[in-house]
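S.K.: I have a structure I would like to understand better, so I am pasting it below and will then ask my questions one at a time.
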Amino acid sequence: MNDLAPVAARLTEPQALTPAGFVNDFYPSFWWIPAGILAAALAIKLPSIIRLWTDPLLRAVGGLLVLALSVFVFVAPSTIRWVNQVTGVPNISGPWVYSLLTAFCGSCLLLIITWRDGLSDRSPRTRAAMRWVLGTYAAVIAALWIMFALAEMPEERLRDLDTHYANTPYAREMIVLYLLAHTVATLITNALIWNWVRTDGLDSLLRWGLKFLGVGYALQLAFDAAKLSAVGGRWAGRDLDWLSTAVAPPLACLSAILIAVGFILPHTGQYLHDRRQVRDAVRELRPLHRLMKAGGGGVPRVLRTPPELRLIRRETFIRDGLLALSRFVDADLRARSYEAALALGHPPDRAKALAAAVTVLDAADARSQGRERDGAGSGSGSGEADTTDLLRDIGAVSRALRCPDEVRAVRERAAAAGAATAAAVATAAAAASADGERAGDPVGHGGTER
């Protein structure tokens with residue numbers, strides 16, 4: 001009895017969990033992880049798909065996510081058992097899952113062809129490629145069901161259908177057919193993706209999305225290699241089932257996640273980029289918006305207003321405010337401010353924005369003091385043209401108002417130039433008046449008639 005004690009102790013000790021053992025223990029719930037991630041990705045894309053339903057590429061991405069989600073939902077052992085029980089046909093989940101996977105492969109290939117060539121490209125070569133994909137994979141799905149109907153598969157298998165029936169007539173052909181169809185589609189798709197990645201001039205988000213797709217499809221090839229090796233092991237009389245039940249599932253899950261990210265990243269990234277640009281534009285207009293609000297009024301703040309609507313309302317309010325300032329605009333001041341900004345070393349575009357900022361500030365001051373232009377020279381006639389120009393450059397003007405020191409320097413230099421010009425004009429007018437008086441005086445310098 002004492003000799004048996006060490007053996008019994010070793011038998012009761014917890015065994016180290018191997019990777020294969022981990023997959024086997026969590027296999028029933030393993031498939032719901034990628035299914036949940038794909039469902040979240042589909043939920044993220046669904047609003048855009050509904051809003052832009054006329055976009056074929058967006059619909060195709062949505063359909064692809066639905067197919068991928070369906071594969072992982074129906075490959076879970078609990079779903080396999082439920083489908084078999086509902087239909088009353090043992091192992092009918094096999095061809096059903098194979099069909100979904102084959103449809104997913106064909107859809108990926110179609111999407112990559114259409115995405116790369118563009119919707120406007122309807123060349124004979126592109127149309128022929130799309131017809132070949134549709135015809136070939138529809139025929140494969142039909143063949144899968146025909147072979148299943150001919151095969152004898154009475155024993156329900158929830159996890160190892162591929163290897164258990166690898167030597168069964170017609171079931172063997174069905175299994176090999178779906179694996180070969182999947183491998184061919186994955187090879188072609190992977191080659192197209194990596195060739196596309198090497199293309200010059202791609203958007204960074206699109207390039208990263210393609211890289212995720214490339215890695216995801218490379219893992220799909222590893223999945224096919226594991227499955228084919230396990231089936232080939234059965235043919236050779238060797239037990240390599242662990243490749244199909246322990247290695248292939250994690251590869252499939254990780255591949256699905258990367259493919260989902262690859263298809264969503266360009267669209268979601270572009271959406272976030274556009275939203276950030278809108279928010280930046282709203283913040284950019286804040287200085288000019290505050291200046292217009294100083295004259296009274298403002299845009300009522302509404303809770304949870306979309307950024308696009310906030311931008312439109314802010315732009316409209318600013319332009320309305322500038323139109324109200326049109327009769328206070330001094331075009332001569334703007335010209336002097338432009339020359340002053342150039343003299344201070346600013347480039348032409350920046351000098352134009354600074355000059356406009358000085359003009360708007362002066363017009364706001366004039367309105368608050370009731371100093372309306374008289375319409376001559378720098379009056380309302382030229383003010384309309386200046387205001388029209390200001391309406392077009394509100395972003396640049398608002399950015400210039402963020403630099404009060406630069407605006408102040410330009411304004412002071414323009415004011416000095418205006419004062420010097422006014423003094424010169426006054427001196428010239430006085431000299432002209434004196435000359436006129438001397439020319440019309442019939443009396444000599446002594447005050448007596450000559």
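Going by the structure tokens order, chains are called A, B, ..., each with residues numbered from 1, while ligands are numbered from 1 in the order shown.
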So that I can check the surroundings of stretch 82-84 of chain A, please list as a ChimeraX atom specification every protein, DNA and RNA residue that reaches within 12 Å of it, counting only C-alpha atoms and ignoring chain neighbours fewer than 5 positions away.
M.R.: /A:73-77,89-97,154-158
S.K.: Quick one: write out the picked residues with all heavy atoms as a short mmCIF file (atom, residue, chain, number, x, y, z; two decimals), in the first residue's frame?
M.R.:
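Listed below is the output, again25.cif:
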data_model
loop_
_atom_site.label_atom_id
_atom_site.label_comp_id
_atom_site.auth_asym_id
_atom_site.auth_seq_id
_atom_site.Cartn_x
_atom_site.Cartn_y
_atom_site.Cartn_z
N VAL A 73 -21.28 32.05 -35.31
CA VAL A 73 -22.46 31.68 -34.53
C VAL A 73 -22.82 30.22 -34.79
O VAL A 73 -23.09 29.45 -33.85
CB VAL A 73 -23.64 32.61 -34.87
CG1 VAL A 73 -24.94 32.05 -34.29
CG2 VAL A 73 -23.39 34.01 -34.34
N PHE A 74 -22.81 29.79 -36.04
CA PHE A 74 -23.27 28.44 -36.37
C PHE A 74 -22.19 27.38 -36.20
O PHE A 74 -22.50 26.19 -36.26
CB PHE A 74 -23.79 28.41 -37.82
CG PHE A 74 -25.16 29.02 -37.97
CD1 PHE A 74 -25.30 30.32 -38.42
CD2 PHE A 74 -26.29 28.31 -37.61
CE1 PHE A 74 -26.55 30.91 -38.56
CE2 PHE A 74 -27.55 28.88 -37.74
CZ PHE A 74 -27.68 30.19 -38.21
N VAL A 75 -20.94 27.79 -35.98
CA VAL A 75 -19.89 26.80 -35.77
C VAL A 75 -19.75 26.45 -34.29
O VAL A 75 -19.06 25.48 -33.93
CB VAL A 75 -18.53 27.30 -36.33
CG1 VAL A 75 -17.85 28.26 -35.36
CG2 VAL A 75 -17.61 26.13 -36.67
N ALA A 76 -20.39 27.21 -33.40
CA ALA A 76 -20.36 26.90 -31.97
C ALA A 76 -21.06 25.56 -31.72
O ALA A 76 -22.11 25.28 -32.31
CB ALA A 76 -21.03 28.01 -31.18
N PRO A 77 -20.50 24.69 -30.88
CA PRO A 77 -21.12 23.37 -30.64
C PRO A 77 -22.58 23.43 -30.22
O PRO A 77 -23.39 22.59 -30.64
CB PRO A 77 -20.24 22.77 -29.53
CG PRO A 77 -18.91 23.43 -29.71
CD PRO A 77 -19.22 24.83 -30.17
N VAL A 89 -31.78 16.13 -38.84
CA VAL A 89 -30.78 15.51 -39.72
C VAL A 89 -29.42 15.60 -39.02
O VAL A 89 -28.91 16.70 -38.79
CB VAL A 89 -30.71 16.21 -41.09
CG1 VAL A 89 -29.67 15.53 -41.97
CG2 VAL A 89 -32.07 16.21 -41.75
N PRO A 90 -28.82 14.47 -38.67
CA PRO A 90 -27.51 14.51 -38.02
C PRO A 90 -26.46 15.17 -38.94
O PRO A 90 -26.40 14.87 -40.14
CB PRO A 90 -27.17 13.04 -37.77
CG PRO A 90 -28.47 12.33 -37.83
CD PRO A 90 -29.32 13.09 -38.81
N ASN A 91 -25.71 16.06 -38.37
CA ASN A 91 -24.57 16.69 -39.05
C ASN A 91 -24.95 17.60 -40.21
O ASN A 91 -24.10 17.95 -41.04
CB ASN A 91 -23.58 15.62 -39.56
CG ASN A 91 -22.99 14.81 -38.44
OD1 ASN A 91 -22.54 15.36 -37.44
ND2 ASN A 91 -23.03 13.49 -38.59
N ILE A 92 -26.21 18.02 -40.28
CA ILE A 92 -26.56 18.96 -41.35
C ILE A 92 -25.90 20.31 -41.13
O ILE A 92 -25.76 21.12 -42.07
CB ILE A 92 -28.09 19.12 -41.44
CG1 ILE A 92 -28.47 19.79 -42.77
CG2 ILE A 92 -28.63 19.93 -40.26
CD1 ILE A 92 -29.96 19.84 -43.04
N SER A 93 -25.45 20.58 -39.91
CA SER A 93 -24.72 21.82 -39.66
C SER A 93 -23.40 21.86 -40.44
O SER A 93 -22.88 22.94 -40.71
CB SER A 93 -24.42 21.97 -38.16
OG SER A 93 -25.59 22.31 -37.45
N GLY A 94 -22.86 20.66 -40.77
CA GLY A 94 -21.60 20.62 -41.51
C GLY A 94 -21.68 21.35 -42.84
O GLY A 94 -20.96 22.34 -43.06
N PRO A 95 -22.52 20.91 -43.78
CA PRO A 95 -22.61 21.62 -45.06
C PRO A 95 -23.13 23.05 -44.91
O PRO A 95 -22.80 23.92 -45.72
CB PRO A 95 -23.56 20.76 -45.88
CG PRO A 95 -24.34 19.97 -44.89
CD PRO A 95 -23.38 19.72 -43.76
N TRP A 96 -23.94 23.29 -43.87
CA TRP A 96 -24.45 24.65 -43.66
C TRP A 96 -23.30 25.60 -43.30
O TRP A 96 -23.17 26.67 -43.88
CB TRP A 96 -25.52 24.63 -42.58
CG TRP A 96 -25.99 26.00 -42.15
CD1 TRP A 96 -25.87 26.55 -40.91
CD2 TRP A 96 -26.64 26.98 -42.96
NE1 TRP A 96 -26.41 27.80 -40.88
CE2 TRP A 96 -26.90 28.10 -42.14
CE3 TRP A 96 -27.04 27.01 -44.29
CZ2 TRP A 96 -27.51 29.25 -42.60
CZ3 TRP A 96 -27.67 28.17 -44.76
CH2 TRP A 96 -27.90 29.26 -43.93
N VAL A 97 -22.45 25.19 -42.35
CA VAL A 97 -21.30 26.01 -41.98
C VAL A 97 -20.32 26.11 -43.16
O VAL A 97 -19.76 27.20 -43.43
CB VAL A 97 -20.60 25.45 -40.73
CG1 VAL A 97 -19.29 26.19 -40.45
CG2 VAL A 97 -21.52 25.55 -39.53
N PRO A 154 -24.12 9.14 -40.12
CA PRO A 154 -25.18 8.98 -39.11
C PRO A 154 -24.78 9.48 -37.72
O PRO A 154 -25.65 9.84 -36.92
CB PRO A 154 -25.43 7.46 -39.09
CG PRO A 154 -24.11 6.87 -39.50
CD PRO A 154 -23.51 7.85 -40.48
N GLU A 155 -23.51 9.46 -37.38
CA GLU A 155 -23.06 9.81 -36.03
C GLU A 155 -22.82 11.31 -35.93
O GLU A 155 -22.01 11.87 -36.67
CB GLU A 155 -21.78 9.05 -35.67
CG GLU A 155 -21.33 9.29 -34.24
CD GLU A 155 -20.05 8.54 -33.92
OE1 GLU A 155 -19.61 7.73 -34.78
OE2 GLU A 155 -19.49 8.76 -32.83
N GLU A 156 -23.51 11.98 -35.01
CA GLU A 156 -23.36 13.43 -34.86
C GLU A 156 -21.99 13.76 -34.28
O GLU A 156 -21.58 13.20 -33.27
CB GLU A 156 -24.45 13.98 -33.96
CG GLU A 156 -24.40 15.51 -33.82
CD GLU A 156 -25.46 16.04 -32.85
OE1 GLU A 156 -25.46 15.59 -31.68
OE2 GLU A 156 -26.28 16.87 -33.27
N ARG A 157 -21.28 14.68 -34.94
CA ARG A 157 -19.98 15.13 -34.47
C ARG A 157 -20.03 16.66 -34.31
O ARG A 157 -20.35 17.38 -35.26
CB ARG A 157 -18.87 14.77 -35.45
CG ARG A 157 -18.84 13.32 -35.87
CD ARG A 157 -18.65 12.38 -34.71
NE ARG A 157 -17.38 12.59 -34.01
CZ ARG A 157 -16.93 11.83 -33.03
NH1 ARG A 157 -17.69 10.82 -32.59
NH2 ARG A 157 -15.77 12.07 -32.46
N LEU A 158 -19.75 17.12 -33.11
CA LEU A 158 -19.84 18.55 -32.82
C LEU A 158 -18.52 19.29 -33.03
O LEU A 158 -18.52 20.51 -33.24
CB LEU A 158 -20.32 18.76 -31.37
CG LEU A 158 -21.66 18.14 -31.00
CD1 LEU A 158 -21.99 18.44 -29.54
CD2 LEU A 158 -22.76 18.66 -31.92
#
S.K.: Counting only C-alpha atoms, which residues of stretch 98-205 of chain A sit at most 10 Å from some atom of stretch 231-243 of chain A, and what is each one's closest atom pair with its distance in Å to one decimal, listed by chain and rising residue number, as CSV?
M.R.:
residue,atom,partner,partner_atom,distance
A:Asp160,CA,A:Asp241,CA,7.5
A:Asp162,CA,A:Val231,CA,6.9
A:Thr163,CA,A:Val231,CA,5.4
A:His164,CA,A:Arg234,CA,8.3
A:Tyr165,CA,A:Val231,CA,9.0
A:Ala166,CA,A:Val231,CA,5.9
A:Asn167,CA,A:Trp235,CA,6.7
A:Arg172,CA,A:Val231,CA,9.0
A:Ile175,CA,A:Val231,CA,8.8
A:Val176,CA,A:Val231,CA,8.5
S.K.: Near stretch 286-291 of chain A, within 8 Å and counting only C-alpha atoms, which residues show up once chain neighbours fewer than 6 positions away are dropped, as a list in words?
M.R.: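 So the residues in contact are Arg314, Phe317, Ile318, Ala364, Ile394, Val397, Ser398, Arg399, Leu401 and Arg402 of chain A.
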S.K.: Can I get the selection written as a compact mmCIF listing (two decimals), in the first residue's frame, with N, CA and C atoms?
M.R.:
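As a result, part15.txt now contains:
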# COMPACT_ATOMS: atom_id res chain seq x y z
N ARG A 314 -22.59 78.28 -36.57
CA ARG A 314 -21.57 79.26 -36.22
C ARG A 314 -21.13 80.04 -37.47
N PHE A 317 -23.90 82.52 -38.35
CA PHE A 317 -23.93 83.66 -37.43
C PHE A 317 -22.80 84.64 -37.71
N ILE A 318 -21.60 84.12 -37.97
CA ILE A 318 -20.45 85.00 -38.25
C ILE A 318 -20.68 85.79 -39.53
N ALA A 364 -15.87 96.84 -35.74
CA ALA A 364 -16.60 96.59 -34.50
C ALA A 364 -16.50 97.79 -33.55
N ILE A 394 -13.35 83.59 -43.44
CA ILE A 394 -13.61 83.70 -42.00
C ILE A 394 -12.68 82.79 -41.19
N VAL A 397 -9.32 84.65 -40.95
CA VAL A 397 -9.47 85.83 -40.08
C VAL A 397 -9.54 85.41 -38.61
N SER A 398 -10.29 84.33 -38.33
CA SER A 398 -10.40 83.87 -36.95
C SER A 398 -9.06 83.37 -36.43
N ARG A 399 -8.30 82.70 -37.28
CA ARG A 399 -6.96 82.26 -36.85
C ARG A 399 -6.06 83.46 -36.56
N LEU A 401 -7.02 86.32 -35.41
CA LEU A 401 -7.44 86.92 -34.14
C LEU A 401 -6.89 86.17 -32.93
N ARG A 402 -6.41 84.94 -33.13
CA ARG A 402 -5.79 84.19 -32.05
C ARG A 402 -4.39 84.72 -31.72
S.K.: When DSSP works through the backbone of this structure, what residues of stretch 176-307 of chain A end up as helix (DSSP H, G or I), shown as JSON, numbers by chain?
M.R.: {"A": [176, 177, 178, 179, 180, 181, 182, 183, 184, 185, 186, 187, 188, 189, 190, 191, 192, 193, 194, 195, 196, 197, 204, 205, 206, 207, 208, 209, 210, 211, 212, 213, 214, 215, 216, 217, 218, 219, 220, 221, 222, 223, 224, 225, 226, 227, 228, 229, 230, 231, 232, 233, 234, 235, 241, 242, 243, 244, 245, 246, 247, 248, 249, 250, 251, 252, 253, 254, 255, 256, 257, 258, 259, 260, 261, 262, 263, 264, 265, 266, 267, 268, 269, 270, 271, 272, 273, 274, 275, 276, 277, 278, 279, 280, 281, 282, 283, 284, 286, 287, 288, 289, 290, 291, 292, 293, 307]}
S.K.: From the options A:Gly345, A:Thr54, A:Leu161, A:Gly216, which residue's atoms come nearest to A:Val261, counting only C-alpha atoms?
M.R.: A:Gly216
